[in-house]
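Trainee: There's a structure below that I have some questions on.
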Amino acid sequence: MSSSTVITNIATLVTNDPSLGGGSPLGLVRDAAVVIDGDRVVWTGESSKAPATDNRVDAGGRAVLPGFVDSHSHLVFAGDRTQEFNARMSGRPYSAGGIRTTVAATRAASDAELEANLTRYLAEALRQGTTTFETKSGYGLTVEDEARALRLAARHTEEVTYLGAHVVSPDYADDPAAYVALVTGEMLDACAPHARWIDVFCEKGAFDGDQARAVLTAGKAKGLHPRVHANQLGHGPGVQLAVELDAASADHCTHLTDADVDALAHSRTVATLLPGAEFSTRAAWPDARRLLDAGVTVALSTDCNPGSSFTSSVPFCIALAVRDMGMTPDEAVWSATAGGAAALRRTDIGRLAPGARADLLLLDAPSHVHLAYRPGVPLVAGVWRAGVRVV
């Protein structure tokens with residue numbers, strides 16, 4: 001039998017329910033409480049009005065937020081790229097070619113080694129408040145290695161993405177068309193049972209618009225829903241393709257035309273911004289302000305991967321978004337919670353309202369604004385996932 005718990009004496013509760021807190025997107029409630037029964041939120045409101053429960057947790061005047069939803073990561077890999085990062089920080093520009101270094105290490109690793117690495121970074125992210133994460137294949141680039149990456153990932157999350165089209169496999173360097181045929185044929189057949197999503201790196205040096213369309217439409221025919229690595233390194237067709245195919249998200253969105261922004265604003269496709277990548281590559285920052293002002297739904301995620309964004313910290317990405325991408329603290333927190341949920345087309349996470357999954361975090365601070373106000377400080381003091389305290 002489930003037992004109910006009230007977390008009370010909350011200085012600021014972020015619900016992401018606009019019907020609360022004066023209609024703001026964050027649905028802020030002051031001097032608040034939240035009631036959990038089993039794995040669900042069953043009540044939120046002012047502390048003085050909280051119903052009786054079996055258990056009580058005193059938040060001690062701290063803030064409570066929905067758990068972070070990291071809707072873009074690459075966590076099934078082996079090795080690292082320290083030397084590449086060190087060289088890049090010494091003046092060499094980033095290019096997608098470094099992915100092949102990780103491919104070699106990942107292919108050489110055992111299943112046990114890959115899963116140990118995956119769980120290590122998941123635990124690291126959980127300690128920093130991430131309660132839902134998406135993760136991708138893309139570092140195997142053979143039928144067997146892509147399928148095993150997805151099998152391993154599916155043991156730990158429902159949000160699994162097939163990214164056989166990360167870059168052209170080194171084995172097919174002289175015949176990209178044959179690799180696209182593999183990705184849309186035998187590899188897709190082996191991978192589709194383990195995944196919910198299909199993704200493609202639509203970029204110069206990876207896959208062009210026609211190749212990306214072929215990959216995504218093949219995935220849709222197998223029941224996988226599209227996501228797109230779009231417009232990271234330069235202008236290209238990725239965003240327009242994402243909107244055309246009703247992709248859940250177009251990720252990176254660093255180099256956008258007015259037509260790209262307009263297309264996103266008039267679609268269901270979320271613009272997922274990944275400031276860790278710009279931080280780690282010294283690239284131009286995405287213009288979040290431009291997207292938000294146009295009415296685009298924006299998510300913030302880590303892009304945790306060993307090459308271009310080796311961080312699992314959503315709080316760090318929130319601070320970057322506020323400092324360098326034109327977002328307010330409220331917008332950044334919404335994008336890292338409700339925005340991430342939208343990028344996964346989920347309504348049960350990213351909010352704290354009756355019926356939502358009881359994924360929440362306790363900050364050692366009175367307000368969510370401290371996530372940007374105190375960058376680099378480990379403020380997450382407690383995490384509940386599906387109603388169970390895990391941190």
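Chain lettering (A, B, ...) mirrors the order of the structure tokens, residue numbering begins at 1 for each chain separately, and ligand numbering begins at 1 in order of display.
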Extract, using only C-alpha atoms, all DNA, RNA and protein residues at most 12 Å from Gln211 in chain A, discarding same-chain residues fewer than 2 positions from it, and format them as a VMD selection string.
Mentor: chain A and resid 165 to 168 176 to 181 183 to 184 200 to 204 206 to 209 213 to 218 237 to 238 241
Trainee: Output as a Markdown table one row per residue of range 38-123 of chain A within 12 Å of range 266-282 of chain A: the closest atom pair and its distance in Å to one decimal place, counting only C-alpha atoms, sorted by chain and residue number ascending.
Mentor:
| residue | atom | partner | partner_atom | distance |
| --- | --- | --- | --- | --- |
| A:Val69 | CA | A:Thr272 | CA | 11.5 |
| A:Asp70 | CA | A:Thr272 | CA | 9.9 |
| A:Ser71 | CA | A:Thr272 | CA | 8.0 |
| A:His72 | CA | A:Thr272 | CA | 8.1 |
| A:Ser73 | CA | A:Leu274 | CA | 9.8 |
| A:Arg81 | CA | A:Ser280 | CA | 11.9 |
| A:Thr82 | CA | A:Ser280 | CA | 11.6 |
| A:Glu84 | CA | A:Thr281 | CA | 10.6 |
| A:Phe85 | CA | A:Ser280 | CA | 7.8 |
| A:Asn86 | CA | A:Ser280 | CA | 10.3 |
| A:Ala87 | CA | A:Thr281 | CA | 10.8 |
| A:Arg88 | CA | A:Thr281 | CA | 7.2 |
| A:Met89 | CA | A:Thr281 | CA | 7.8 |
| A:Ser90 | CA | A:Arg282 | CA | 11.0 |
| A:Gly91 | CA | A:Arg282 | CA | 9.7 |
| A:Arg92 | CA | A:Thr281 | CA | 9.5 |
| A:Pro93 | CA | A:Thr281 | CA | 7.4 |
| A:Tyr94 | CA | A:Thr281 | CA | 6.0 |
| A:Ser95 | CA | A:Thr281 | CA | 9.2 |
| A:Ala96 | CA | A:Thr281 | CA | 11.2 |
Trainee: Which polymer residues have any atom within 7 Å of an atom of Leu20 in chain A, counting only C-alpha atoms, with same-chain residues fewer than 5 positions away left out, as a list in words?
Mentor: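 Counting only C-alpha atoms, the residues come to Gly27, Leu28 and Val29 of chain A.
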Trainee: Could you check how far CA of Ala365 in chain A sits from CA of Val383 in chain A, in Å to one decimal?
Mentor: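 So the two atoms, CA of Ala365 in chain A and CA of Val383 in chain A, lie 14.2 Å apart.
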Trainee: Per DSSP on the backbone, filter range 82-221 of chain A down to the residues in alpha helix (DSSP H) and report them as a PyMOL selection string.
Mentor: chain A and resi 82-88+99-108+111-127+143-154+176-184+186-191+209-221
Trainee: Keeping only C-alpha atoms, write those residues as a tab-separated table (two decimals), in the first residue's frame.
Mentor:
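That gives us again_7.tsv:
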chain	number	residue	atom	x	y	z
A	82	THR	CA	40.57	15.01	-23.00
A	83	GLN	CA	43.34	15.55	-25.53
A	84	GLU	CA	40.90	16.88	-28.12
A	85	PHE	CA	39.37	19.28	-25.58
A	86	ASN	CA	42.80	20.46	-24.46
A	87	ALA	CA	43.86	21.09	-28.06
A	88	ARG	CA	40.62	22.92	-28.84
A	99	ILE	CA	33.06	11.48	-32.88
A	100	ARG	CA	35.02	8.74	-34.62
A	101	THR	CA	37.47	8.62	-31.69
A	102	THR	CA	34.63	7.73	-29.36
A	103	VAL	CA	33.28	5.22	-31.88
A	104	ALA	CA	36.54	3.26	-31.74
A	105	ALA	CA	36.58	3.20	-27.94
A	106	THR	CA	32.91	2.28	-27.71
A	107	ARG	CA	33.20	-0.60	-30.13
A	108	ALA	CA	36.14	-1.98	-28.12
A	111	ASP	CA	28.62	-4.39	-22.40
A	112	ALA	CA	29.53	-4.27	-18.71
A	113	GLU	CA	31.95	-1.40	-19.26
A	114	LEU	CA	29.41	0.60	-21.27
A	115	GLU	CA	26.66	0.07	-18.71
A	116	ALA	CA	28.94	0.97	-15.81
A	117	ASN	CA	29.81	4.22	-17.58
A	118	LEU	CA	26.14	4.93	-18.29
A	119	THR	CA	25.02	4.37	-14.69
A	120	ARG	CA	27.89	6.48	-13.39
A	121	TYR	CA	26.75	9.52	-15.35
A	122	LEU	CA	23.09	8.88	-14.58
A	123	ALA	CA	23.87	8.90	-10.86
A	124	GLU	CA	25.89	12.08	-11.32
A	125	ALA	CA	22.95	13.74	-13.10
A	126	LEU	CA	20.47	12.53	-10.48
A	127	ARG	CA	22.49	14.15	-7.70
A	143	VAL	CA	24.21	-2.95	-36.52
A	144	GLU	CA	25.42	-4.87	-33.47
A	145	ASP	CA	26.93	-1.90	-31.62
A	146	GLU	CA	23.97	0.42	-32.18
A	147	ALA	CA	21.50	-2.24	-31.05
A	148	ARG	CA	23.45	-3.04	-27.90
A	149	ALA	CA	23.72	0.65	-27.00
A	150	LEU	CA	19.95	0.96	-27.18
A	151	ARG	CA	19.38	-2.25	-25.21
A	152	LEU	CA	21.62	-0.94	-22.44
A	153	ALA	CA	19.98	2.49	-22.43
A	154	ALA	CA	16.47	1.00	-22.33
A	176	PRO	CA	27.98	7.34	-47.63
A	177	ALA	CA	24.95	6.22	-49.64
A	178	ALA	CA	25.56	2.62	-48.60
A	179	TYR	CA	25.75	3.71	-44.96
A	180	VAL	CA	22.43	5.55	-45.24
A	181	ALA	CA	20.98	2.36	-46.71
A	182	LEU	CA	22.28	0.42	-43.71
A	183	VAL	CA	20.91	2.97	-41.23
A	184	THR	CA	17.47	2.87	-42.87
A	186	GLU	CA	19.17	-3.64	-41.38
A	187	MET	CA	20.35	-1.33	-38.59
A	188	LEU	CA	16.91	0.23	-38.19
A	189	ASP	CA	15.30	-3.21	-38.04
A	190	ALA	CA	17.66	-4.23	-35.23
A	191	CYS	CA	17.35	-0.97	-33.30
A	209	GLY	CA	18.93	17.30	-45.96
A	210	ASP	CA	18.00	14.53	-48.39
A	211	GLN	CA	19.90	11.90	-46.41
A	212	ALA	CA	18.38	13.14	-43.14
A	213	ARG	CA	14.86	13.02	-44.60
A	214	ALA	CA	15.43	9.43	-45.76
A	215	VAL	CA	16.62	8.40	-42.28
A	216	LEU	CA	13.76	10.07	-40.42
A	217	THR	CA	10.99	8.91	-42.74
A	218	ALA	CA	12.28	5.34	-42.52
A	219	GLY	CA	12.22	5.62	-38.76
A	220	LYS	CA	8.67	6.98	-38.77
A	221	ALA	CA	7.58	4.01	-40.86
Trainee: Would you give me, as a tab-separated table, each residue of range 82-200 of chain A having an atom within 12 Å of an atom of range 346-352 of chain A, along with its shortest atom pair and that distance in Å to one decimal, using only C-alpha atoms and sorting by chain and residue number?
Mentor:
residue	atom	partner	partner_atom	distance
A:Gly129	CA	A:Gly350	CA	11.8
A:Thr130	CA	A:Gly350	CA	10.5
A:Thr131	CA	A:Ile349	CA	9.0
A:Thr132	CA	A:Ile349	CA	8.1
A:Phe133	CA	A:Ile349	CA	11.1
A:Glu134	CA	A:Arg346	CA	12.0
A:Glu158	CA	A:Arg346	CA	11.3
A:Glu159	CA	A:Arg346	CA	10.4
Trainee: Go through A:Arg345, A:His156, A:His74, A:His229 and flag the residue nearest Thr135 in chain A, using only C-alpha atoms for the distances.
Mentor: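 When distances to Thr135 in chain A are compared using only C-alpha atoms, the smallest one comes from A:His74.
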Trainee: Residues at most 12 Å from Arg389 in chain A, counting only C-alpha atoms, excluding those fewer than 3 positions away in the same chain, as a VMD selection string?
Mentor: chain A and resid 5 7 36 38 to 39 57 67 126 to 127 129 131 358 to 362 381 to 386
Trainee: Quick one: everything within 10 Å of Leu291 in chain A, counting only C-alpha atoms, minus sequence neighbours fewer than 3 positions away in the same chain. Send it as a list in words.
Mentor: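 With the cut-off at 10 Å, the set is Cys253, Leu256, Asp258, Asp260, Val261, Asp262, Leu264, Ala265, Ala271, Pro286, Asp287, Ala288, Ala294, Gly295, Val296, Thr297 and Val298 of chain A.
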Trainee: Please report, as number ranges by chain, each residue of range 173-302 of chain A to which DSSP assigns strand (DSSP E) when run on this structure's backbone.
Mentor: A: 197-202, 225-226, 228-230, 249-252, 270-273, 298-300
Trainee: Take the residues just selected and output them with N, CA and C atoms as a compact mmCIF listing (two decimals), in the first residue's frame.
Mentor:
# COMPACT_ATOMS: atom_id res chain seq x y z
N TRP A 197 12.56 6.98 -30.22
CA TRP A 197 12.86 8.11 -31.09
C TRP A 197 13.89 7.73 -32.14
N ILE A 198 13.93 8.51 -33.21
CA ILE A 198 15.02 8.43 -34.19
C ILE A 198 15.57 9.84 -34.40
N ASP A 199 16.88 9.95 -34.52
CA ASP A 199 17.55 11.23 -34.62
C ASP A 199 18.56 11.17 -35.77
N VAL A 200 18.96 12.34 -36.25
CA VAL A 200 19.97 12.43 -37.29
C VAL A 200 20.75 13.72 -37.11
N PHE A 201 22.05 13.67 -37.33
CA PHE A 201 22.90 14.86 -37.28
C PHE A 201 22.89 15.46 -38.68
N CYS A 202 21.99 16.42 -38.89
CA CYS A 202 21.83 17.06 -40.19
C CYS A 202 22.75 18.27 -40.23
N HIS A 225 9.59 8.21 -33.51
CA HIS A 225 9.26 9.61 -33.78
C HIS A 225 10.54 10.43 -33.93
N PRO A 226 10.56 11.42 -34.85
CA PRO A 226 11.81 12.13 -35.16
C PRO A 226 12.23 13.16 -34.11
N VAL A 228 15.88 15.96 -34.31
CA VAL A 228 16.91 16.35 -35.28
C VAL A 228 17.99 17.18 -34.61
N HIS A 229 19.26 16.79 -34.80
CA HIS A 229 20.38 17.68 -34.53
C HIS A 229 20.40 18.71 -35.66
N ALA A 230 20.08 19.95 -35.37
CA ALA A 230 19.79 20.92 -36.43
C ALA A 230 20.53 22.23 -36.23
N SER A 249 11.58 17.70 -31.46
CA SER A 249 12.51 18.78 -31.15
C SER A 249 13.53 18.94 -32.26
N ALA A 250 13.98 20.18 -32.43
CA ALA A 250 15.14 20.52 -33.23
C ALA A 250 16.20 20.98 -32.24
N ASP A 251 17.31 20.29 -32.20
CA ASP A 251 18.27 20.47 -31.11
C ASP A 251 19.53 21.18 -31.59
N HIS A 252 19.97 22.12 -30.81
CA HIS A 252 21.07 23.07 -31.00
C HIS A 252 20.53 24.42 -31.47
N VAL A 270 9.84 21.67 -30.61
CA VAL A 270 10.53 22.42 -29.56
C VAL A 270 11.96 22.71 -30.00
N ALA A 271 12.43 23.92 -29.74
CA ALA A 271 13.84 24.26 -29.95
C ALA A 271 14.61 23.91 -28.68
N THR A 272 15.40 22.86 -28.74
CA THR A 272 16.18 22.45 -27.57
C THR A 272 17.57 23.06 -27.66
N LEU A 273 17.89 23.90 -26.70
CA LEU A 273 19.17 24.60 -26.68
C LEU A 273 20.12 23.89 -25.74
N VAL A 298 10.89 26.52 -25.95
CA VAL A 298 12.33 26.27 -25.79
C VAL A 298 12.56 25.29 -24.65
N ALA A 299 13.44 24.33 -24.89
CA ALA A 299 13.93 23.44 -23.85
C ALA A 299 15.42 23.68 -23.64
N LEU A 300 15.89 23.39 -22.45
CA LEU A 300 17.32 23.45 -22.12
C LEU A 300 17.79 22.08 -21.70
Trainee: Have a look at A:Gly339, A:Gly387, A:Gly205, A:Gly61 and name the one nearest to Ser367 in chain A; count only C-alpha atoms.
Mentor: A:Gly61
Trainee: CA of Met327 in chain A to CA of Gly355 in chain A: how many Å, to one decimal?
Mentor: 29.1 Å
Trainee: Here is a test: counting only C-alpha atoms, which residue of A:Leu75, A:Ala247, A:Ala63, A:Ala11 is nearest to Phe310 in chain A?
Mentor: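 Ranked by minimum distance to Phe310 in chain A, first place goes to A:Leu75.
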